[in-house]
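Structure data (compact mmCIF, N, CA and C atoms) from target04.txt:
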```txt
# COMPACT_ATOMS: atom_id res chain seq x y z
N MET S 1 0.83 -1.19 0.00
CA MET S 1 0.00 0.00 0.00
C MET S 1 0.86 1.25 0.00
N GLY S 2 1.83 1.36 0.88
CA GLY S 2 2.59 2.58 1.06
C GLY S 2 3.33 3.04 -0.17
N ARG S 3 4.09 2.16 -0.80
CA ARG S 3 4.89 2.55 -1.95
C ARG S 3 4.00 3.00 -3.11
N ARG S 4 2.94 2.25 -3.38
CA ARG S 4 2.02 2.60 -4.46
C ARG S 4 1.39 3.97 -4.21
N CYS S 5 0.95 4.22 -2.97
CA CYS S 5 0.31 5.50 -2.63
C CYS S 5 1.29 6.66 -2.79
N ARG S 6 2.53 6.47 -2.35
CA ARG S 6 3.53 7.54 -2.47
C ARG S 6 3.81 7.85 -3.94
N ARG S 7 3.88 6.81 -4.77
CA ARG S 7 4.10 7.04 -6.21
C ARG S 7 2.94 7.82 -6.80
N LEU S 8 1.71 7.47 -6.42
CA LEU S 8 0.55 8.20 -6.92
C LEU S 8 0.61 9.66 -6.50
N ALA S 9 0.92 9.92 -5.25
CA ALA S 9 0.97 11.29 -4.75
C ALA S 9 2.05 12.10 -5.45
N ALA S 10 3.16 11.48 -5.75
CA ALA S 10 4.28 12.19 -6.37
C ALA S 10 3.99 12.59 -7.81
N ARG S 11 3.04 11.93 -8.48
CA ARG S 11 2.79 12.18 -9.90
C ARG S 11 1.66 13.14 -10.18
N GLN S 12 1.15 13.84 -9.22
CA GLN S 12 -0.02 14.65 -9.49
C GLN S 12 0.29 15.99 -10.15
N ALA S 13 -0.71 16.55 -10.78
CA ALA S 13 -0.59 17.81 -11.51
C ALA S 13 -1.21 18.94 -10.70
N ALA S 14 -1.70 19.97 -11.38
CA ALA S 14 -2.30 21.13 -10.72
C ALA S 14 -3.55 20.73 -9.94
N VAL S 15 -3.87 21.49 -8.89
CA VAL S 15 -5.02 21.19 -8.05
C VAL S 15 -6.30 21.35 -8.86
N VAL S 16 -7.11 20.28 -8.87
CA VAL S 16 -8.35 20.32 -9.64
C VAL S 16 -9.53 19.77 -8.86
N ILE S 17 -9.38 18.69 -8.09
CA ILE S 17 -10.52 18.10 -7.40
C ILE S 17 -10.22 17.88 -5.91
N ALA S 18 -11.29 17.87 -5.14
CA ALA S 18 -11.19 17.51 -3.73
C ALA S 18 -11.68 16.07 -3.59
N VAL S 19 -11.13 15.37 -2.61
CA VAL S 19 -11.51 13.98 -2.37
C VAL S 19 -12.02 13.87 -0.95
N ASP S 20 -13.21 13.31 -0.82
CA ASP S 20 -13.86 13.17 0.48
C ASP S 20 -13.31 11.98 1.25
N THR S 21 -13.54 12.01 2.55
CA THR S 21 -13.14 10.94 3.46
C THR S 21 -13.67 9.59 3.01
N SER S 22 -14.90 9.56 2.51
CA SER S 22 -15.52 8.30 2.10
C SER S 22 -14.68 7.57 1.05
N VAL S 23 -14.01 8.31 0.20
CA VAL S 23 -13.17 7.71 -0.84
C VAL S 23 -11.84 7.26 -0.24
N TRP S 24 -11.21 8.12 0.59
CA TRP S 24 -9.92 7.77 1.18
C TRP S 24 -10.02 6.53 2.07
N VAL S 25 -11.10 6.40 2.82
CA VAL S 25 -11.26 5.24 3.70
C VAL S 25 -11.25 3.96 2.88
N ASP S 26 -12.04 3.94 1.81
CA ASP S 26 -12.05 2.75 0.95
C ASP S 26 -10.69 2.53 0.30
N PHE S 27 -10.04 3.61 -0.12
CA PHE S 27 -8.72 3.51 -0.75
C PHE S 27 -7.72 2.86 0.20
N PHE S 28 -7.65 3.36 1.43
CA PHE S 28 -6.66 2.83 2.38
C PHE S 28 -7.01 1.44 2.88
N HIS S 29 -8.27 1.05 2.77
CA HIS S 29 -8.65 -0.33 3.11
C HIS S 29 -8.42 -1.28 1.93
N GLY S 30 -8.05 -0.74 0.78
CA GLY S 30 -7.81 -1.57 -0.39
C GLY S 30 -9.09 -2.02 -1.09
N THR S 31 -10.19 -1.34 -0.81
CA THR S 31 -11.48 -1.66 -1.43
C THR S 31 -11.53 -0.99 -2.79
N ARG S 32 -11.70 -1.77 -3.82
CA ARG S 32 -11.65 -1.24 -5.18
C ARG S 32 -13.05 -0.90 -5.68
N THR S 33 -13.64 0.12 -5.08
CA THR S 33 -14.95 0.60 -5.51
C THR S 33 -14.78 1.43 -6.78
N PRO S 34 -15.86 1.70 -7.48
CA PRO S 34 -15.76 2.56 -8.67
C PRO S 34 -15.14 3.93 -8.35
N VAL S 35 -15.44 4.49 -7.19
CA VAL S 35 -14.89 5.82 -6.85
C VAL S 35 -13.40 5.72 -6.56
N VAL S 36 -12.97 4.65 -5.92
CA VAL S 36 -11.53 4.45 -5.66
C VAL S 36 -10.80 4.27 -6.98
N LEU S 37 -11.36 3.51 -7.88
CA LEU S 37 -10.74 3.33 -9.20
C LEU S 37 -10.66 4.66 -9.94
N ARG S 38 -11.68 5.48 -9.78
CA ARG S 38 -11.64 6.83 -10.39
C ARG S 38 -10.52 7.66 -9.77
N LEU S 39 -10.37 7.60 -8.45
CA LEU S 39 -9.28 8.32 -7.78
C LEU S 39 -7.94 7.88 -8.34
N ILE S 40 -7.73 6.59 -8.43
CA ILE S 40 -6.46 6.06 -8.94
C ILE S 40 -6.23 6.54 -10.37
N ASP S 41 -7.28 6.59 -11.15
CA ASP S 41 -7.18 7.07 -12.53
C ASP S 41 -6.88 8.56 -12.60
N LEU S 42 -7.45 9.34 -11.69
CA LEU S 42 -7.30 10.80 -11.74
C LEU S 42 -5.95 11.29 -11.22
N VAL S 43 -5.36 10.59 -10.27
CA VAL S 43 -4.16 11.10 -9.60
C VAL S 43 -3.03 11.45 -10.56
N PRO S 44 -2.69 10.63 -11.54
CA PRO S 44 -1.54 10.99 -12.39
C PRO S 44 -1.76 12.24 -13.24
N ARG S 45 -3.02 12.60 -13.48
CA ARG S 45 -3.27 13.71 -14.40
C ARG S 45 -4.06 14.85 -13.78
N THR S 46 -4.37 14.74 -12.50
CA THR S 46 -5.19 15.74 -11.83
C THR S 46 -4.61 16.03 -10.45
N GLY S 47 -4.65 17.27 -10.06
CA GLY S 47 -4.26 17.60 -8.70
C GLY S 47 -5.36 17.23 -7.72
N ILE S 48 -4.97 16.84 -6.55
CA ILE S 48 -5.91 16.39 -5.53
C ILE S 48 -5.81 17.32 -4.33
N VAL S 49 -6.95 17.79 -3.85
CA VAL S 49 -7.02 18.59 -2.62
C VAL S 49 -7.40 17.67 -1.47
N VAL S 50 -6.60 17.73 -0.40
CA VAL S 50 -6.96 17.05 0.84
C VAL S 50 -7.26 18.15 1.85
N GLY S 51 -8.53 18.33 2.15
CA GLY S 51 -8.94 19.36 3.09
C GLY S 51 -8.58 18.99 4.52
N ASP S 52 -8.40 20.00 5.35
CA ASP S 52 -8.04 19.76 6.75
C ASP S 52 -9.09 18.92 7.47
N LEU S 53 -10.35 19.14 7.16
CA LEU S 53 -11.42 18.35 7.79
C LEU S 53 -11.36 16.89 7.35
N VAL S 54 -11.06 16.67 6.08
CA VAL S 54 -10.92 15.31 5.56
C VAL S 54 -9.72 14.63 6.20
N LEU S 55 -8.62 15.34 6.29
CA LEU S 55 -7.42 14.80 6.94
C LEU S 55 -7.73 14.34 8.36
N CYS S 56 -8.43 15.17 9.10
CA CYS S 56 -8.82 14.83 10.48
C CYS S 56 -9.71 13.59 10.50
N GLU S 57 -10.72 13.54 9.63
CA GLU S 57 -11.63 12.39 9.62
C GLU S 57 -10.89 11.10 9.27
N VAL S 58 -10.01 11.16 8.29
CA VAL S 58 -9.27 9.95 7.90
C VAL S 58 -8.38 9.49 9.04
N LEU S 59 -7.62 10.41 9.62
CA LEU S 59 -6.65 10.03 10.66
C LEU S 59 -7.31 9.62 11.98
N ARG S 60 -8.47 10.12 12.27
CA ARG S 60 -9.13 9.72 13.53
C ARG S 60 -9.62 8.28 13.46
N GLY S 61 -9.76 7.74 12.27
CA GLY S 61 -10.26 6.39 12.11
C GLY S 61 -9.21 5.29 12.05
N VAL S 62 -7.94 5.66 12.09
CA VAL S 62 -6.90 4.62 12.01
C VAL S 62 -6.70 3.94 13.35
N ARG S 63 -6.12 2.76 13.32
CA ARG S 63 -6.03 1.93 14.52
C ARG S 63 -4.86 2.22 15.44
N ASN S 64 -3.76 2.73 14.89
CA ASN S 64 -2.59 2.94 15.74
C ASN S 64 -1.75 4.09 15.19
N GLU S 65 -0.77 4.50 15.96
CA GLU S 65 0.06 5.65 15.60
C GLU S 65 0.94 5.38 14.38
N ARG S 66 1.41 4.14 14.23
CA ARG S 66 2.23 3.80 13.07
C ARG S 66 1.42 3.97 11.78
N GLN S 67 0.21 3.46 11.79
CA GLN S 67 -0.68 3.59 10.63
C GLN S 67 -1.03 5.06 10.39
N ALA S 68 -1.28 5.81 11.46
CA ALA S 68 -1.60 7.24 11.32
C ALA S 68 -0.43 7.99 10.69
N ALA S 69 0.79 7.66 11.12
CA ALA S 69 1.96 8.33 10.56
C ALA S 69 2.12 8.02 9.08
N GLU S 70 1.92 6.76 8.70
CA GLU S 70 2.06 6.36 7.30
C GLU S 70 1.01 7.03 6.42
N ILE S 71 -0.24 7.01 6.85
CA ILE S 71 -1.31 7.64 6.07
C ILE S 71 -1.11 9.16 6.03
N GLY S 72 -0.70 9.73 7.15
CA GLY S 72 -0.41 11.17 7.17
C GLY S 72 0.68 11.54 6.18
N ARG S 73 1.73 10.72 6.09
CA ARG S 73 2.81 10.98 5.12
C ARG S 73 2.28 10.91 3.69
N ILE S 74 1.45 9.92 3.42
CA ILE S 74 0.91 9.76 2.07
C ILE S 74 0.03 10.96 1.71
N LEU S 75 -0.87 11.33 2.59
CA LEU S 75 -1.78 12.45 2.30
C LEU S 75 -1.04 13.78 2.23
N SER S 76 0.09 13.89 2.91
CA SER S 76 0.85 15.14 2.85
C SER S 76 1.48 15.36 1.48
N GLY S 77 1.50 14.31 0.64
CA GLY S 77 2.01 14.45 -0.71
C GLY S 77 1.03 15.13 -1.66
N PHE S 78 -0.19 15.33 -1.19
CA PHE S 78 -1.20 16.02 -1.99
C PHE S 78 -1.33 17.46 -1.49
N HIS S 79 -2.04 18.27 -2.25
CA HIS S 79 -2.24 19.67 -1.85
C HIS S 79 -3.17 19.71 -0.63
N GLN S 80 -2.66 20.22 0.47
CA GLN S 80 -3.46 20.32 1.69
C GLN S 80 -4.07 21.72 1.76
N GLN S 81 -5.34 21.76 2.17
CA GLN S 81 -6.08 23.02 2.11
C GLN S 81 -6.99 23.18 3.32
N PRO S 82 -6.88 24.32 4.03
CA PRO S 82 -7.88 24.60 5.06
C PRO S 82 -9.22 24.87 4.36
N LEU S 83 -10.29 24.29 4.89
CA LEU S 83 -11.59 24.40 4.23
C LEU S 83 -12.53 25.42 4.85
N VAL S 84 -12.36 25.72 6.12
CA VAL S 84 -13.37 26.51 6.82
C VAL S 84 -12.77 27.78 7.40
N GLY S 85 -13.45 28.85 7.15
CA GLY S 85 -13.22 30.14 7.77
C GLY S 85 -14.60 30.73 8.02
N PRO S 86 -14.67 31.95 8.49
CA PRO S 86 -15.98 32.54 8.77
C PRO S 86 -16.91 32.59 7.55
N GLY S 87 -16.39 32.88 6.38
CA GLY S 87 -17.23 32.96 5.19
C GLY S 87 -17.85 31.63 4.83
N ILE S 88 -17.05 30.56 4.83
CA ILE S 88 -17.56 29.23 4.52
C ILE S 88 -18.53 28.78 5.60
N ALA S 89 -18.22 29.07 6.87
CA ALA S 89 -19.11 28.68 7.97
C ALA S 89 -20.49 29.33 7.80
N MET S 90 -20.50 30.61 7.48
CA MET S 90 -21.78 31.30 7.31
C MET S 90 -22.53 30.78 6.09
N LYS S 91 -21.83 30.55 4.99
CA LYS S 91 -22.48 30.03 3.78
C LYS S 91 -22.99 28.61 4.01
N ALA S 92 -22.24 27.79 4.76
CA ALA S 92 -22.69 26.43 5.06
C ALA S 92 -23.98 26.45 5.87
N ALA S 93 -24.07 27.35 6.83
CA ALA S 93 -25.30 27.47 7.63
C ALA S 93 -26.46 27.89 6.73
N GLU S 94 -26.21 28.80 5.81
CA GLU S 94 -27.24 29.22 4.86
C GLU S 94 -27.67 28.04 3.98
N ASN S 95 -26.68 27.27 3.51
CA ASN S 95 -27.00 26.09 2.69
C ASN S 95 -27.83 25.07 3.48
N TYR S 96 -27.50 24.90 4.74
CA TYR S 96 -28.25 23.97 5.59
C TYR S 96 -29.71 24.40 5.70
N ARG S 97 -29.90 25.70 5.96
CA ARG S 97 -31.27 26.22 6.09
C ARG S 97 -32.04 26.07 4.78
N LEU S 98 -31.37 26.32 3.65
CA LEU S 98 -32.02 26.17 2.36
C LEU S 98 -32.44 24.72 2.13
N LEU S 99 -31.55 23.78 2.39
CA LEU S 99 -31.90 22.37 2.22
C LEU S 99 -33.02 21.95 3.17
N ARG S 100 -32.93 22.43 4.40
CA ARG S 100 -33.97 22.10 5.39
C ARG S 100 -35.33 22.64 4.93
N SER S 101 -35.34 23.82 4.30
CA SER S 101 -36.60 24.38 3.80
C SER S 101 -37.18 23.52 2.68
N LEU S 102 -36.33 22.71 2.07
CA LEU S 102 -36.78 21.78 1.02
C LEU S 102 -37.12 20.41 1.59
N GLY S 103 -37.05 20.29 2.91
CA GLY S 103 -37.35 19.02 3.55
C GLY S 103 -36.17 18.06 3.62
N ILE S 104 -34.96 18.58 3.41
CA ILE S 104 -33.75 17.76 3.41
C ILE S 104 -32.90 18.15 4.61
N THR S 105 -32.56 17.16 5.43
CA THR S 105 -31.68 17.42 6.58
C THR S 105 -30.42 16.59 6.40
N LEU S 106 -29.30 17.26 6.26
CA LEU S 106 -28.01 16.57 6.15
C LEU S 106 -27.62 16.01 7.51
N ARG S 107 -26.99 14.84 7.50
CA ARG S 107 -26.61 14.18 8.75
C ARG S 107 -25.37 14.78 9.38
N GLY S 108 -24.44 15.28 8.59
CA GLY S 108 -23.17 15.69 9.16
C GLY S 108 -22.76 17.11 8.83
N THR S 109 -22.33 17.83 9.85
CA THR S 109 -21.85 19.20 9.65
C THR S 109 -20.57 19.22 8.82
N VAL S 110 -19.69 18.24 9.04
CA VAL S 110 -18.43 18.23 8.30
C VAL S 110 -18.70 18.10 6.80
N ASP S 111 -19.61 17.21 6.41
CA ASP S 111 -19.94 17.08 4.99
C ASP S 111 -20.51 18.39 4.44
N LEU S 112 -21.34 19.05 5.21
CA LEU S 112 -21.89 20.34 4.82
C LEU S 112 -20.78 21.35 4.57
N LEU S 113 -19.79 21.39 5.45
CA LEU S 113 -18.67 22.32 5.31
C LEU S 113 -17.80 21.97 4.10
N ILE S 114 -17.50 20.68 3.92
CA ILE S 114 -16.70 20.25 2.77
C ILE S 114 -17.42 20.61 1.47
N GLY S 115 -18.69 20.26 1.38
CA GLY S 115 -19.47 20.56 0.18
C GLY S 115 -19.56 22.05 -0.10
N THR S 116 -19.77 22.83 0.94
CA THR S 116 -19.87 24.28 0.76
C THR S 116 -18.54 24.86 0.27
N TYR S 117 -17.43 24.40 0.85
CA TYR S 117 -16.11 24.85 0.37
C TYR S 117 -15.99 24.58 -1.14
N CYS S 118 -16.35 23.37 -1.55
CA CYS S 118 -16.22 23.00 -2.96
C CYS S 118 -17.13 23.85 -3.85
N ILE S 119 -18.35 24.09 -3.41
CA ILE S 119 -19.28 24.92 -4.18
C ILE S 119 -18.72 26.33 -4.33
N GLU S 120 -18.32 26.91 -3.22
CA GLU S 120 -17.86 28.31 -3.23
C GLU S 120 -16.56 28.50 -3.99
N ASN S 121 -15.74 27.47 -4.09
CA ASN S 121 -14.44 27.58 -4.76
C ASN S 121 -14.42 26.85 -6.11
N ASP S 122 -15.60 26.40 -6.56
CA ASP S 122 -15.75 25.73 -7.85
C ASP S 122 -14.77 24.55 -7.99
N VAL S 123 -14.70 23.74 -6.92
CA VAL S 123 -13.83 22.57 -6.90
C VAL S 123 -14.72 21.32 -6.92
N PRO S 124 -14.62 20.49 -7.95
CA PRO S 124 -15.40 19.25 -7.96
C PRO S 124 -14.99 18.34 -6.79
N LEU S 125 -15.94 17.55 -6.31
CA LEU S 125 -15.70 16.67 -5.17
C LEU S 125 -15.91 15.22 -5.58
N LEU S 126 -14.90 14.41 -5.33
CA LEU S 126 -15.01 12.96 -5.52
C LEU S 126 -15.44 12.38 -4.18
N HIS S 127 -16.58 11.69 -4.18
CA HIS S 127 -17.13 11.19 -2.92
C HIS S 127 -17.92 9.92 -3.14
N ALA S 128 -18.21 9.25 -2.05
CA ALA S 128 -19.09 8.07 -2.05
C ALA S 128 -20.03 8.19 -0.85
N ASP S 129 -20.61 9.36 -0.69
CA ASP S 129 -21.42 9.66 0.49
C ASP S 129 -22.73 10.29 0.03
N ARG S 130 -23.84 9.69 0.39
CA ARG S 130 -25.15 10.17 -0.07
C ARG S 130 -25.50 11.55 0.46
N ASP S 131 -24.85 12.01 1.52
CA ASP S 131 -25.15 13.35 2.03
C ASP S 131 -24.80 14.45 1.03
N PHE S 132 -23.92 14.16 0.08
CA PHE S 132 -23.55 15.18 -0.90
C PHE S 132 -24.55 15.26 -2.05
N GLU S 133 -25.38 14.24 -2.23
CA GLU S 133 -26.32 14.23 -3.35
C GLU S 133 -27.29 15.41 -3.35
N PRO S 134 -27.90 15.77 -2.20
CA PRO S 134 -28.77 16.97 -2.24
C PRO S 134 -27.99 18.25 -2.52
N MET S 135 -26.73 18.27 -2.13
CA MET S 135 -25.91 19.45 -2.42
C MET S 135 -25.64 19.55 -3.92
N GLU S 136 -25.49 18.40 -4.57
CA GLU S 136 -25.34 18.40 -6.03
C GLU S 136 -26.63 18.86 -6.69
N LYS S 137 -27.74 18.30 -6.26
CA LYS S 137 -29.02 18.58 -6.89
C LYS S 137 -29.51 20.01 -6.67
N HIS S 138 -29.35 20.52 -5.45
CA HIS S 138 -29.97 21.81 -5.11
C HIS S 138 -29.00 22.98 -4.93
N LEU S 139 -27.71 22.69 -4.74
CA LEU S 139 -26.76 23.78 -4.44
C LEU S 139 -25.67 23.95 -5.47
N GLY S 140 -25.60 23.05 -6.45
CA GLY S 140 -24.61 23.18 -7.51
C GLY S 140 -23.26 22.53 -7.22
N LEU S 141 -23.18 21.65 -6.22
CA LEU S 141 -21.92 20.93 -5.99
C LEU S 141 -21.63 20.07 -7.21
N LYS S 142 -20.39 20.15 -7.69
CA LYS S 142 -19.98 19.35 -8.85
C LYS S 142 -19.32 18.08 -8.36
N ALA S 143 -19.78 16.95 -8.89
CA ALA S 143 -19.16 15.67 -8.57
C ALA S 143 -17.99 15.45 -9.53
N ALA S 144 -16.91 14.90 -8.99
CA ALA S 144 -15.73 14.62 -9.84
C ALA S 144 -15.84 13.23 -10.42
```
Take the structure in this file and express it as structure tokens.
Amino acid sequence: MGRRCRRLAARQAAVVIAVDTSVWVDFFHGTRTPVVLRLIDLVPRTGIVVGDLVLCEVLRGVRNERQAAEIGRILSGFHQQPLVGPGIAMKAAENYRLLRSLGITLRGTVDLLIGTYCIENDVPLLHADRDFEPMEKHLGLKAA
């Protein structure tokens, strides 16, 4: 896993897409889902954004410090980006209220923040999480 991941990270181009925790978890578990295969395909020709919130979610789920250090090293090879500031926080709350007015309640605040960052910065998001689907349909989130 480690050598292959480091090679992938080293070959990336300009920043173009963000990758959600849902994809990284499957990737690091070696699960070859369609989204993981898309990630592997995109890395050599596309820049990858690893948001600070995604980094936290991925690392909090690992079993030990050795694994956390290895995954942290791999993810540090990609473009790391802070996702939330006051502007994104306020826009995310607005997006939440808009979706709620449509009868849609998102389960996670972190997904709301990640999606809002991507919408506001016109960054497509590669994900395998149904919470992003209403953001695509009603808020203009672009799927990668």
Using 8 Å as the limit and counting all atoms listed in the file, can you tabulate each residue of segment 116-140 of chain S that touches segment 31-49 of chain S, with its shortest atom-to-atom distance in Å and the two atoms involved, as a Markdown table?
```
| residue | atom | partner | partner_atom | distance |
| --- | --- | --- | --- | --- |
| S:Leu126 | C | S:Val35 | CA | 7.1 |
| S:His127 | C | S:Val35 | CA | 6.3 |
| S:Ala128 | CA | S:Val35 | CA | 6.8 |
```
Output of the above residues as a PDB file, keeping the file's coordinate frame, restricted to N, CA and C atoms:
```
ATOM      1  N   LEU S 126     -14.900  14.410  -5.330  1.00  0.00           N
ATOM      2  CA  LEU S 126     -15.010  12.960  -5.520  1.00  0.00           C
ATOM      3  C   LEU S 126     -15.440  12.380  -4.180  1.00  0.00           C
ATOM      4  N   HIS S 127     -16.580  11.690  -4.180  1.00  0.00           N
ATOM      5  CA  HIS S 127     -17.130  11.190  -2.920  1.00  0.00           C
ATOM      6  C   HIS S 127     -17.920   9.920  -3.140  1.00  0.00           C
ATOM      7  N   ALA S 128     -18.210   9.250  -2.050  1.00  0.00           N
ATOM      8  CA  ALA S 128     -19.090   8.070  -2.050  1.00  0.00           C
ATOM      9  C   ALA S 128     -20.030   8.190  -0.850  1.00  0.00           C
TER      10      ALA S 128
END
```
Task: Between atom C of Leu112 of chain S and atom C of Ala92 of chain S - distance in Å to one decimal - done: 6.2 Å
Task: Å distance separating atom CA of Tyr117 of chain S from atom CA of Asn95 of chain S, one decimal place - done: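 Separation between atom CA of Tyr117 of chain S and atom CA of Asn95 of chain S: 11.2 Å.
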- [ ] Select from chain S everything DSSP, run on the backbone, classes as strand (DSSP E), then give the selection as a PyMOL selection string.
- [x] chain S and resi 15-19+47-51+79-81+125-126
Is it possible to get the residues within 8 Å of (-21.7, 23.9, 3.7) (coordinates as in the file, counting all atoms listed in the file) written as a short mmCIF file (atom, residue, chain, number, x, y, z; two decimals) with N, CA and C atoms, keeping the file's coordinate frame?
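See selection.cif below for the written result:
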```
data_model
loop_
_atom_site.label_atom_id
_atom_site.label_comp_id
_atom_site.auth_asym_id
_atom_site.auth_seq_id
_atom_site.Cartn_x
_atom_site.Cartn_y
_atom_site.Cartn_z
N ILE S 88 -17.05 30.56 4.83
CA ILE S 88 -17.56 29.23 4.52
C ILE S 88 -18.53 28.78 5.60
N ALA S 89 -18.22 29.07 6.87
CA ALA S 89 -19.11 28.68 7.97
C ALA S 89 -20.49 29.33 7.80
N MET S 90 -20.50 30.61 7.48
CA MET S 90 -21.78 31.30 7.31
C MET S 90 -22.53 30.78 6.09
N LYS S 91 -21.83 30.55 4.99
CA LYS S 91 -22.48 30.03 3.78
C LYS S 91 -22.99 28.61 4.01
N ALA S 92 -22.24 27.79 4.76
CA ALA S 92 -22.69 26.43 5.06
C ALA S 92 -23.98 26.45 5.87
N ALA S 93 -24.07 27.35 6.83
CA ALA S 93 -25.30 27.47 7.63
C ALA S 93 -26.46 27.89 6.73
N GLU S 94 -26.21 28.80 5.81
CA GLU S 94 -27.24 29.22 4.86
C GLU S 94 -27.67 28.04 3.98
N ASN S 95 -26.68 27.27 3.51
CA ASN S 95 -27.00 26.09 2.69
C ASN S 95 -27.83 25.07 3.48
N TYR S 96 -27.50 24.90 4.74
CA TYR S 96 -28.25 23.97 5.59
C TYR S 96 -29.71 24.40 5.70
N THR S 109 -22.33 17.83 9.85
CA THR S 109 -21.85 19.20 9.65
C THR S 109 -20.57 19.22 8.82
N VAL S 110 -19.69 18.24 9.04
CA VAL S 110 -18.43 18.23 8.30
C VAL S 110 -18.70 18.10 6.80
N ASP S 111 -19.61 17.21 6.41
CA ASP S 111 -19.94 17.08 4.99
C ASP S 111 -20.51 18.39 4.44
N LEU S 112 -21.34 19.05 5.21
CA LEU S 112 -21.89 20.34 4.82
C LEU S 112 -20.78 21.35 4.57
N LEU S 113 -19.79 21.39 5.45
CA LEU S 113 -18.67 22.32 5.31
C LEU S 113 -17.80 21.97 4.10
N ILE S 114 -17.50 20.68 3.92
CA ILE S 114 -16.70 20.25 2.77
C ILE S 114 -17.42 20.61 1.47
N GLY S 115 -18.69 20.26 1.38
CA GLY S 115 -19.47 20.56 0.18
C GLY S 115 -19.56 22.05 -0.10
N THR S 116 -19.77 22.83 0.94
CA THR S 116 -19.87 24.28 0.76
C THR S 116 -18.54 24.86 0.27
N TYR S 117 -17.43 24.40 0.85
CA TYR S 117 -16.11 24.85 0.37
C TYR S 117 -15.99 24.58 -1.14
N CYS S 118 -16.35 23.37 -1.55
CA CYS S 118 -16.22 23.00 -2.96
C CYS S 118 -17.13 23.85 -3.85
N ILE S 119 -18.35 24.09 -3.41
CA ILE S 119 -19.28 24.92 -4.18
C ILE S 119 -18.72 26.33 -4.33
#
```
TODO: State, in Å with one decimal place, the distance from atom N of Arg130 of chain S to atom C of Ala143 of chain S.
DONE: 12.9 Å
